[in-house]
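With TSV, C-alpha atoms and all ligand atoms inside, this is my_file34.tsv:
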```
chain	number	residue	atom	x	y	z
A	1333	MET	CA	64.94	-99.99	-16.14
A	1334	LYS	CA	68.68	-99.81	-16.67
A	1335	SER	CA	71.07	-101.76	-14.43
A	1336	LYS	CA	73.41	-99.97	-12.00
A	1337	GLU	CA	76.43	-100.00	-14.35
A	1338	LYS	CA	74.30	-99.03	-17.30
A	1339	ILE	CA	73.00	-96.00	-15.40
A	1340	SER	CA	76.47	-94.76	-14.52
A	1341	THR	CA	77.75	-95.25	-18.10
A	1342	PHE	CA	74.66	-93.49	-19.38
A	1343	ILE	CA	75.23	-90.57	-17.01
A	1344	GLU	CA	78.90	-90.33	-17.98
A	1345	THR	CA	78.05	-89.89	-21.62
A	1346	CYS	CA	74.75	-88.04	-21.28
A	1347	TYR	CA	76.17	-84.66	-22.28
A	1348	ASN	CA	75.85	-85.89	-25.88
A	1349	LEU	CA	72.11	-85.90	-25.33
A	1350	LYS	CA	71.90	-82.26	-24.34
A	1351	PRO	CA	70.51	-80.36	-27.32
A	1352	GLU	CA	72.89	-77.67	-28.55
A	1353	LYS	CA	70.06	-75.18	-28.28
A	1354	LEU	CA	70.03	-75.46	-24.50
A	1355	PHE	CA	72.63	-73.41	-22.72
A	1356	MET	CA	73.57	-75.37	-19.59
A	1357	SER	CA	76.94	-76.44	-18.25
A	1358	GLU	CA	77.99	-80.06	-18.62
A	1359	LEU	CA	78.03	-80.62	-14.87
A	1360	LYS	CA	74.54	-79.19	-14.32
A	1361	TRP	CA	73.13	-81.21	-17.20
A	1362	LYS	CA	74.75	-84.37	-15.84
A	1363	TYR	CA	73.36	-83.69	-12.37
A	1364	LEU	CA	69.91	-83.06	-13.84
A	1365	VAL	CA	69.91	-86.28	-15.87
A	1366	ARG	CA	71.28	-88.34	-12.98
A	1367	SER	CA	68.76	-86.92	-10.51
A	1368	ALA	CA	65.81	-87.55	-12.81
A	1369	MET	CA	66.99	-91.13	-13.42
A	1370	ARG	CA	67.30	-91.68	-9.66
A	1371	GLY	CA	63.78	-90.39	-9.01
A	1372	LYS	CA	64.94	-87.37	-7.05
A	1373	ASN	CA	62.99	-84.19	-6.33
A	1374	ILE	CA	64.61	-81.50	-8.43
A	1375	MET	CA	64.13	-77.76	-8.30
A	1376	ILE	CA	65.39	-75.60	-11.14
A	1377	LEU	CA	65.91	-72.04	-9.99
A	1378	GLY	CA	66.50	-68.87	-11.93
A	1379	SER	CA	65.11	-65.62	-13.26
A	1380	ALA	CA	62.27	-65.39	-15.78
A	1381	GLY	CA	63.10	-66.39	-19.34
A	1382	GLN	CA	66.38	-68.13	-18.51
A	1383	GLY	CA	65.54	-71.61	-19.75
A	1384	LYS	CA	64.08	-73.36	-16.70
A	1385	THR	CA	61.02	-74.77	-18.44
A	1386	PHE	CA	63.01	-75.36	-21.59
A	1387	ALA	CA	65.61	-77.40	-19.65
A	1388	VAL	CA	62.90	-79.76	-18.37
A	1389	GLN	CA	61.53	-80.20	-21.89
A	1390	CYS	CA	65.02	-80.99	-23.17
A	1391	LEU	CA	65.54	-83.49	-20.35
A	1392	VAL	CA	62.29	-85.31	-21.05
A	1393	ASP	CA	63.25	-85.63	-24.72
A	1394	ALA	CA	66.83	-86.67	-23.94
A	1395	LEU	CA	65.58	-89.44	-21.66
A	1396	ASP	CA	62.86	-90.37	-24.13
A	1397	ARG	CA	60.26	-90.07	-21.38
A	1398	ARG	CA	57.47	-88.19	-23.17
A	1399	ALA	CA	55.08	-91.05	-22.47
A	1400	ASP	CA	55.53	-90.72	-18.70
A	1401	TYR	CA	55.70	-86.95	-18.59
A	1402	PHE	CA	53.07	-84.89	-16.76
A	1403	TYR	CA	53.01	-81.11	-16.86
A	1404	LEU	CA	51.27	-78.95	-14.27
A	1405	ASN	CA	51.39	-75.17	-14.40
A	1406	MET	CA	51.31	-74.48	-10.68
A	1407	GLY	CA	51.38	-70.73	-11.24
A	1408	ALA	CA	47.97	-70.85	-12.88
A	1409	THR	CA	46.31	-73.00	-10.22
A	1410	GLN	CA	43.18	-71.34	-8.90
A	1411	ASP	CA	41.92	-74.32	-6.94
A	1412	PRO	CA	44.82	-76.39	-5.54
A	1413	ARG	CA	42.59	-79.22	-4.26
A	1414	ALA	CA	40.93	-79.69	-7.64
A	1415	THR	CA	44.28	-79.58	-9.47
A	1416	LEU	CA	46.18	-81.89	-7.18
A	1417	ILE	CA	43.51	-84.16	-5.75
A	1418	GLY	CA	40.33	-83.98	-7.80
A	1419	ASN	CA	36.69	-83.02	-7.69
A	1420	THR	CA	33.71	-84.65	-6.00
A	1421	HIS	CA	30.40	-84.59	-7.83
A	1422	PHE	CA	27.01	-85.57	-6.54
A	1423	ASN	CA	24.54	-87.34	-8.75
A	1424	LYS	CA	21.17	-88.29	-7.29
A	1425	ASN	CA	21.15	-91.64	-9.08
A	1426	THR	CA	24.72	-92.74	-8.59
A	1427	GLY	CA	25.64	-90.84	-5.43
A	1428	THR	CA	28.96	-89.15	-4.82
A	1429	LEU	CA	31.51	-89.56	-7.55
A	1430	PHE	CA	35.15	-88.68	-7.29
A	1431	ASP	CA	37.02	-87.40	-10.33
A	1432	GLU	CA	40.73	-87.94	-9.87
A	1433	SER	CA	43.02	-85.11	-10.88
A	1434	PRO	CA	45.73	-85.61	-13.54
A	1435	PHE	CA	48.21	-85.27	-10.68
A	1436	VAL	CA	46.80	-88.40	-9.00
A	1437	LYS	CA	47.11	-90.24	-12.29
A	1438	ALA	CA	50.67	-88.99	-12.60
A	1439	ILE	CA	51.80	-90.18	-9.17
A	1440	ARG	CA	50.33	-93.61	-9.87
A	1441	THR	CA	52.53	-93.94	-12.97
A	1442	PRO	CA	55.87	-95.70	-12.35
A	1443	HIS	CA	58.90	-93.64	-13.43
A	1444	ALA	CA	56.77	-90.64	-14.26
A	1445	ILE	CA	58.40	-87.24	-14.59
A	1446	ILE	CA	56.06	-84.76	-12.95
A	1447	HIS	CA	56.84	-81.20	-13.90
A	1448	LEU	CA	55.55	-78.69	-11.34
A	1449	ASP	CA	56.17	-75.56	-13.37
A	1450	GLU	CA	56.29	-72.19	-11.61
A	1451	LEU	CA	55.93	-73.78	-8.19
A	1452	SER	CA	57.06	-70.54	-6.55
A	1453	ARG	CA	53.85	-68.91	-7.78
A	1454	ALA	CA	51.55	-71.63	-6.48
A	1455	HIS	CA	48.96	-71.16	-3.76
A	1456	PRO	CA	50.23	-72.12	-0.28
A	1457	ASP	CA	47.46	-74.77	-0.11
A	1458	ALA	CA	49.13	-76.47	-3.07
A	1459	TRP	CA	52.45	-76.53	-1.24
A	1460	ASN	CA	50.76	-78.16	1.77
A	1461	ILE	CA	49.16	-80.84	-0.38
A	1462	LEU	CA	52.51	-81.60	-2.02
A	1463	LEU	CA	54.40	-82.10	1.25
A	1464	THR	CA	53.56	-85.78	1.71
A	1465	PRO	CA	53.77	-87.08	-1.88
A	1466	ILE	CA	57.16	-85.53	-2.48
A	1467	ASP	CA	58.56	-86.65	0.86
A	1468	TYR	CA	61.08	-89.45	0.14
A	1469	ILE	CA	59.76	-91.50	3.08
A	1470	GLN	CA	56.03	-90.77	3.18
A	1471	ARG	CA	55.35	-90.81	-0.58
A	1472	TYR	CA	51.56	-90.71	-0.42
A	1473	LEU	CA	48.71	-88.38	-1.21
A	1474	ARG	CA	45.61	-88.36	0.94
A	1475	LEU	CA	42.42	-88.03	-1.06
A	1476	ASP	CA	39.29	-86.33	0.21
A	1477	GLU	CA	38.60	-87.41	3.77
A	1478	LYS	CA	34.90	-87.76	3.07
A	1479	LEU	CA	35.74	-90.65	0.76
A	1480	GLY	CA	37.34	-92.70	3.52
A	1481	SER	CA	40.75	-91.00	3.52
A	1482	GLU	CA	42.06	-93.12	0.71
A	1483	LEU	CA	45.83	-92.87	0.37
A	1484	VAL	CA	47.43	-92.97	-3.05
A	1485	LYS	CA	50.99	-94.22	-2.97
A	1486	VAL	CA	53.53	-92.56	-5.22
A	1487	ALA	CA	54.71	-95.19	-7.71
A	1488	GLU	CA	58.30	-96.35	-7.96
A	1489	GLY	CA	60.82	-94.09	-9.68
A	1490	VAL	CA	58.58	-91.03	-9.90
A	1491	SER	CA	60.58	-87.84	-10.19
A	1492	PHE	CA	59.20	-84.41	-9.31
A	1493	ILE	CA	60.80	-81.49	-11.13
A	1494	ALA	CA	59.80	-78.02	-10.06
A	1495	THR	CA	60.80	-74.68	-11.48
A	1496	ALA	CA	60.91	-71.53	-9.41
A	1497	ASN	CA	61.72	-67.91	-10.04
A	1498	VAL	CA	64.19	-66.47	-7.66
A	1499	GLY	CA	65.11	-62.88	-7.01
A	1500	ASN	CA	63.32	-60.07	-5.26
A	1501	GLU	CA	61.92	-58.67	-8.50
A	1502	TYR	CA	59.18	-61.30	-8.51
A	1503	THR	CA	56.27	-59.87	-6.63
A	1504	ALA	CA	53.92	-62.67	-7.63
A	1505	THR	CA	56.38	-65.18	-6.27
A	1506	ARG	CA	55.60	-66.06	-2.73
A	1507	VAL	CA	58.31	-66.84	-0.25
A	1508	MET	CA	58.29	-70.58	-0.52
A	1509	ASP	CA	57.57	-72.80	2.42
A	1510	LYS	CA	60.83	-74.01	3.99
A	1511	ALA	CA	59.58	-77.57	4.52
A	1512	LEU	CA	58.65	-77.83	0.85
A	1513	LEU	CA	61.94	-76.33	-0.35
A	1514	ASP	CA	63.87	-78.73	1.84
A	1515	ARG	CA	62.22	-81.71	0.20
A	1516	PHE	CA	63.69	-80.69	-3.16
A	1517	THR	CA	67.07	-82.13	-2.36
A	1518	VAL	CA	68.45	-81.37	-5.81
A	1519	LYS	CA	68.59	-77.67	-6.60
A	1520	ILE	CA	69.97	-76.49	-9.91
A	1521	GLU	CA	70.43	-72.84	-10.63
A	1522	VAL	CA	70.41	-71.96	-14.32
A	1523	ASP	CA	73.49	-70.20	-15.66
A	1524	LEU	CA	73.41	-66.78	-17.24
A	1525	PRO	CA	75.17	-66.76	-20.61
A	1526	SER	CA	77.94	-64.27	-21.37
A	1527	PRO	CA	77.32	-61.99	-24.40
A	1528	ASP	CA	79.32	-64.38	-26.63
A	1529	GLN	CA	77.45	-67.41	-25.36
A	1530	GLU	CA	74.13	-65.65	-25.79
A	1531	LEU	CA	75.07	-64.70	-29.35
A	1532	GLU	CA	75.89	-68.36	-30.03
A	1533	LEU	CA	72.44	-69.28	-28.69
A	1534	VAL	CA	70.85	-66.71	-30.98
A	1535	LYS	CA	72.61	-68.31	-33.96
A	1536	LEU	CA	71.27	-71.72	-32.96
A	1537	HIS	CA	67.71	-70.58	-32.30
A	1538	CYS	CA	67.44	-68.08	-35.11
A	1539	SER	CA	70.04	-68.64	-37.81
A	1540	ASP	CA	68.71	-65.85	-40.06
A	1541	ALA	CA	68.83	-63.14	-37.41
A	1542	ASN	CA	70.86	-59.99	-38.06
A	1543	MET	CA	74.00	-60.83	-36.10
A	1544	LYS	CA	75.35	-57.29	-36.13
A	1545	ILE	CA	72.29	-56.04	-34.32
A	1546	MET	CA	72.22	-59.08	-32.06
A	1547	ASP	CA	75.83	-58.52	-31.10
A	1548	ASN	CA	74.72	-55.14	-29.75
A	1549	VAL	CA	71.64	-56.63	-28.11
A	1550	THR	CA	73.58	-59.30	-26.24
A	1551	GLN	CA	76.00	-56.67	-24.95
A	1552	ILE	CA	73.12	-54.46	-23.83
A	1553	SER	CA	71.55	-57.48	-22.15
A	1554	ALA	CA	74.81	-58.16	-20.28
A	1555	MET	CA	74.95	-54.54	-19.17
A	1556	THR	CA	71.43	-54.76	-17.74
A	1557	ARG	CA	72.59	-57.81	-15.76
A	1558	ALA	CA	75.48	-55.85	-14.34
A	1559	PHE	CA	73.13	-52.97	-13.43
A	1560	THR	CA	70.82	-55.43	-11.71
A	1561	LYS	CA	73.70	-56.68	-9.59
A	1562	GLU	CA	74.45	-53.10	-8.62
A	1563	SER	CA	70.73	-52.62	-7.79
A	1564	LYS	CA	70.43	-49.91	-10.45
A	1565	LEU	CA	67.82	-51.96	-12.30
A	1566	SER	CA	65.13	-54.23	-10.89
A	1567	LYS	CA	65.44	-56.77	-13.72
A	1568	PHE	CA	67.60	-57.60	-16.67
A	1569	ILE	CA	66.87	-58.47	-20.28
A	1570	SER	CA	66.17	-62.20	-20.37
A	1571	THR	CA	67.46	-64.66	-22.92
A	1572	ARG	CA	63.81	-65.18	-23.89
A	1573	SER	CA	63.58	-61.48	-24.84
A	1574	VAL	CA	66.91	-61.64	-26.67
A	1575	ILE	CA	65.62	-64.49	-28.85
A	1576	GLU	CA	62.38	-62.61	-29.39
A	1577	MET	CA	64.42	-59.65	-30.65
A	1578	ALA	CA	66.50	-61.91	-32.89
A	1579	GLU	CA	63.25	-62.98	-34.56
A	1580	LEU	CA	62.28	-59.34	-35.02
A	1581	THR	CA	65.56	-58.58	-36.79
A	1582	MET	CA	64.63	-61.24	-39.34
A	1583	ASP	CA	61.59	-59.11	-40.10
A	1584	GLY	CA	63.70	-56.01	-40.60
A	1585	PHE	CA	63.47	-54.29	-37.22
A	1586	ASN	CA	66.50	-52.22	-36.22
A	1587	LEU	CA	68.03	-51.71	-32.78
A	1588	VAL	CA	66.12	-48.50	-32.05
A	1589	GLU	CA	62.86	-50.24	-32.87
A	1590	LEU	CA	63.72	-53.32	-30.84
A	1591	ALA	CA	64.50	-51.16	-27.86
A	1592	GLU	CA	61.23	-49.23	-28.20
A	1593	MET	CA	59.10	-52.31	-28.62
A	1594	VAL	CA	60.77	-54.93	-26.43
A	1595	ILE	CA	63.25	-53.39	-24.01
A	1596	TYR	CA	61.89	-50.08	-22.69
A	1597	PRO	CA	58.35	-51.19	-21.78
A	1598	ASP	CA	59.88	-53.49	-19.17
A	1599	TYR	CA	61.35	-50.59	-17.23
A	1600	PRO	CA	59.39	-48.04	-15.21
A	1601	ASP	CA	59.85	-44.43	-16.29
A	1602	ASP	CA	58.69	-42.81	-13.06
A	1603	GLY	CA	61.44	-40.73	-11.52
A	1604	GLY	CA	62.25	-38.90	-14.77
A	1605	VAL	CA	65.96	-38.64	-15.43
A	1606	ASP	CA	66.69	-41.01	-12.55
A	1607	SER	CA	64.27	-43.66	-13.76
A	1608	GLU	CA	65.27	-47.18	-14.76
A	1609	ARG	CA	64.03	-46.42	-18.24
A	1610	THR	CA	66.38	-43.48	-18.58
A	1611	LEU	CA	69.35	-45.63	-17.61
A	1612	VAL	CA	68.36	-48.32	-20.11
A	1613	LYS	CA	67.80	-45.72	-22.84
A	1614	GLN	CA	71.26	-44.26	-22.21
A	1615	THR	CA	72.74	-47.76	-22.41
A	1616	VAL	CA	71.02	-48.52	-25.71
A	1617	GLN	CA	71.93	-45.08	-27.05
A	1618	LYS	CA	75.65	-45.85	-26.74
A	1619	PHE	CA	75.24	-48.69	-29.18
A	1620	VAL	CA	73.03	-46.74	-31.56
A	1621	THR	CA	75.55	-43.89	-31.73
A	1622	THR	CA	78.50	-46.21	-32.28
A	1623	ALA	CA	76.69	-48.03	-35.02
A	1624	ALA	CA	75.52	-44.87	-36.74
A	1625	THR	CA	78.76	-42.84	-36.76
A	1626	SER	CA	79.75	-44.07	-40.21
A	1627	LYS	CA	76.40	-42.94	-41.64
A	1628	PRO	CA	74.45	-39.68	-41.63
A	1629	ILE	CA	72.32	-39.72	-38.50
A	1630	TYR	CA	68.64	-39.85	-39.26
A	1631	ASN	CA	66.54	-37.24	-37.55
A	1632	ALA	CA	63.19	-38.78	-36.77
A	1633	THR	CA	61.52	-35.38	-36.33
A	1634	SER	CA	62.77	-33.62	-39.44
A	1635	GLY	CA	63.08	-36.77	-41.51
A	1636	LYS	CA	66.45	-35.48	-42.77
A	1637	GLY	CA	69.80	-37.16	-42.80
A	1638	GLY	CA	69.26	-40.37	-44.68
A	1639	ASN	CA	67.74	-43.65	-43.64
A	1640	PRO	CA	67.09	-44.59	-40.02
A	1641	PRO	CA	70.18	-46.33	-38.60
A	1642	PRO	CA	70.06	-50.01	-39.45
A	1643	PHE	CA	71.18	-50.93	-35.93
A	1701	LIG	N1	69.54	-71.33	-21.11
A	1701	LIG	C1	68.85	-71.28	-22.26
A	1701	LIG	N2	69.19	-72.08	-23.27
A	1701	LIG	C2	68.52	-72.04	-24.40
A	1701	LIG	N3	67.45	-71.26	-24.64
A	1701	LIG	C3	67.05	-70.44	-23.67
A	1701	LIG	C4	67.74	-70.41	-22.43
A	1701	LIG	N4	67.12	-69.51	-21.65
A	1701	LIG	C5	66.10	-69.01	-22.36
A	1701	LIG	N5	66.05	-69.56	-23.58
A	1701	LIG	C6	65.07	-69.25	-24.63
A	1701	LIG	O1	64.03	-68.53	-23.99
A	1701	LIG	C7	62.80	-69.25	-24.07
A	1701	LIG	C8	62.10	-69.17	-22.76
A	1701	LIG	O2	62.74	-69.99	-21.81
A	1701	LIG	P1	61.93	-70.70	-20.67
A	1701	LIG	O3	60.48	-70.72	-20.97
A	1701	LIG	O4	62.57	-72.01	-20.40
A	1701	LIG	O5	62.20	-69.70	-19.46
A	1701	LIG	P2	61.87	-69.87	-17.92
A	1701	LIG	O6	63.16	-69.77	-17.20
A	1701	LIG	O7	61.06	-71.08	-17.70
A	1701	LIG	O8	61.04	-68.55	-17.64
A	1701	LIG	P3	59.78	-68.28	-16.68
A	1701	LIG	O9	60.34	-68.11	-15.31
A	1701	LIG	O10	59.21	-66.99	-17.20
A	1701	LIG	O11	58.85	-69.42	-16.78
A	1701	LIG	C9	63.18	-70.68	-24.46
A	1701	LIG	O12	62.16	-71.29	-25.20
A	1701	LIG	C10	64.44	-70.46	-25.28
A	1701	LIG	O13	64.10	-70.11	-26.59
A	1702	MG	MG	59.05	-71.33	-17.20
```
Please express the file's structure as structure tokens.
Ligand SMILES: Nc1ncnc2c1ncn2[C@@H]1O[C@H](COP(=O)(O)OP(=O)(O)OP(=O)(O)O)[C@@H](O)[C@H]1O
Ligand SMILES: [Mg+2]
Amino acid sequence: MKSKEKISTFIETCYNLKPEKLFMSELKWKYLVRSAMRGKNIMILGSAGQGKTFAVQCLVDALDRRADYFYLNMGATQDPRATLIGNTHFNKNTGTLFDESPFVKAIRTPHAIIHLDELSRAHPDAWNILLTPIDYIQRYLRLDEKLGSELVKVAEGVSFIATANVGNEYTATRVMDKALLDRFTVKIEVDLPSPDQELELVKLHCSDANMKIMDNVTQISAMTRAFTKESKLSKFISTRSVIEMAELTMDGFNLVELAEMVIYPDYPDDGGVDSERTLVKQTVQKFVTTAATSKPIYNATSGKGGNPPPF
């Protein structure tokens, strides 16, 4: 472990360790690194596809902690006891056997980084089980009572990092338990990039993407964010979807096609002209028209008028 001075010098200069591909402010990155190094409970909050999971991956690499990194997808947990504590098996020759969960192994590992991904989607039983191990004072996990109520102590320097979706558009996201939320003393909300910043990200993730089309896409994405704020849309186009579309442009897809395949299906079309889909279509259309004015407009029905607009 690093000494006190070494830790503060490391934190001061840690922005150099943030990969360029991750969009996160210097202060948030510094807070994230510092909190992980101090064994704090961290919760990264934000909408879907805005880099929460990616930020944890970047952190683990920056701190060179792959060896002590444990990943649990809490959103996919069907049986919280089995995932977080373990399973008991009965064998008539050897009797009752207890199979420890990977989580138990993780909390026994000094300086482990335990990533509780999608914690907001976890079963409430999972939240209850987590209350004592993540508590800064209690720091234990009680195993199955039938096995003598063994307590597993959380090893020194263990850091829990959870990710959670916020926003009322997430129906699968339960309202998280207050006691659990309170134990995550470090909360970091991911930033939403501006169109220019998102275009920069596209360049870094997908250098061969068609930047003309992506310039339009990032502006459309920003407009969906504004509409979400005004409650005209229930969700906005995520950075994940923007990067997905950048990849599609490398394979020759144009803006109209991207919109059909990636953007529109995310928006309900019930309500006809007042539907979310109509609003998004009108938004995309503005960019298609602007881009196509210098060329004959292709008519998809008649097939006349030249090639389909490139963007
Ligand atoms: N802030 C960002 N910086 C860099 N890349 C990003 C960012 N946000 C999203 N991306 C891109 O989108 C992909 C998906 O991001 P990620 O899986 O981290 O989203 P998430 O916030 O965890 O979403 P979910 O809530 O659906 O789990 C990343 O692999 C990356 O390519
Ligand atoms: Mg995620």
| request: Could you give me, as a PyMOL selection string, every polymer residue with an atom at most 10 Å away from an atom of ligand MG 1702 (chain A), counting all atoms listed in the file? | output: chain A and resi 1376-1388+1405+1407+1449-1451+1494-1497
| Nearest to ligand LIG 1701 (chain A), chosen from A:Lys1424, A:Lys1618, A:Arg1572, A:Arg1370, with only C-alpha atoms and all ligand atoms counted in the distances | A:Arg1572
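Proximity to stretch 1566-1570 of chain A at 7 Å, evaluated using only C-alpha atoms and with sequence-adjacent residues fewer than 3 positions away removed, yields A:Ala1380, A:Gly1381, A:Gln1382, A:Glu1501, A:Ser1553, A:Thr1556, A:Arg1557, A:Thr1560, A:Ser1563, A:Ser1573, A:Val1574.
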Extract, using only C-alpha atoms, all DNA, RNA and protein residues at most 7 Å from A:Ala1444, discarding same-chain residues fewer than 3 positions from it, and format them as a CSV table (one decimal) with C-alpha atoms, in the coordinates of the input.
```csv
chain,number,residue,atom,x,y,z
A,1400,ASP,CA,55.5,-90.7,-18.7
A,1401,TYR,CA,55.7,-87.0,-18.6
A,1438,ALA,CA,50.7,-89.0,-12.6
A,1441,THR,CA,52.5,-93.9,-13.0
A,1490,VAL,CA,58.6,-91.0,-9.9
A,1491,SER,CA,60.6,-87.8,-10.2
```
Centre, edges in Å (one decimal): axis-aligned box, stretch 1362-1365 of chain A, 5 Å padding on all six sides, as AutoDock Vina command-line options:
```
--center_x 72.3 --center_y -84.7 --center_z -14.1 --size_x 14.8 --size_y 13.2 --size_z 13.5
```
| task | May I ask for the distance between atom O4 of ligand LIG 1701 (chain A) and atom CA of A:Thr1571, given in Å to one decimal place? | result | 9.2 Å
| field | Between atom CA of A:Gln1551 and atom CA of A:Asp1602, distance in Å (one decimal) | value |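 Separation between atom CA of A:Gln1551 and atom CA of A:Asp1602: 25.2 Å.
Every protein, DNA or RNA residue with an atom at most 9 Å from A:Val1612, where only C-alpha atoms count and chain neighbours fewer than 6 positions away do not, is listed here: A:Ile1552, A:Thr1556, A:Leu1565, A:Ile1595, A:Tyr1596, A:Tyr1599.
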Just-selected residues, C-alpha atoms written as a PDB file, in the frame of the given file:
```pdb
ATOM      1  CA  ILE A1552      73.120 -54.460 -23.830  1.00  0.00           C
ATOM      2  CA  THR A1556      71.430 -54.760 -17.740  1.00  0.00           C
ATOM      3  CA  LEU A1565      67.820 -51.960 -12.300  1.00  0.00           C
ATOM      4  CA  ILE A1595      63.250 -53.390 -24.010  1.00  0.00           C
ATOM      5  CA  TYR A1596      61.890 -50.080 -22.690  1.00  0.00           C
ATOM      6  CA  TYR A1599      61.350 -50.590 -17.230  1.00  0.00           C
TER       7      TYR A1599
END
```
| When you draw a straight line from atom CA of A:Gln1389 to atom CA of A:Asp1457, how long is it in Å? |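 If I compute the distance from atom CA of A:Gln1389 to atom CA of A:Asp1457, I get 26.5 Å.
For the set A:Leu1364, A:Leu1462, A:Ala1487, A:Leu1533, the residue with the smallest atom-to-atom gap to ligand LIG 1701 (chain A) is A:Leu1533, counting only C-alpha atoms and all ligand atoms.
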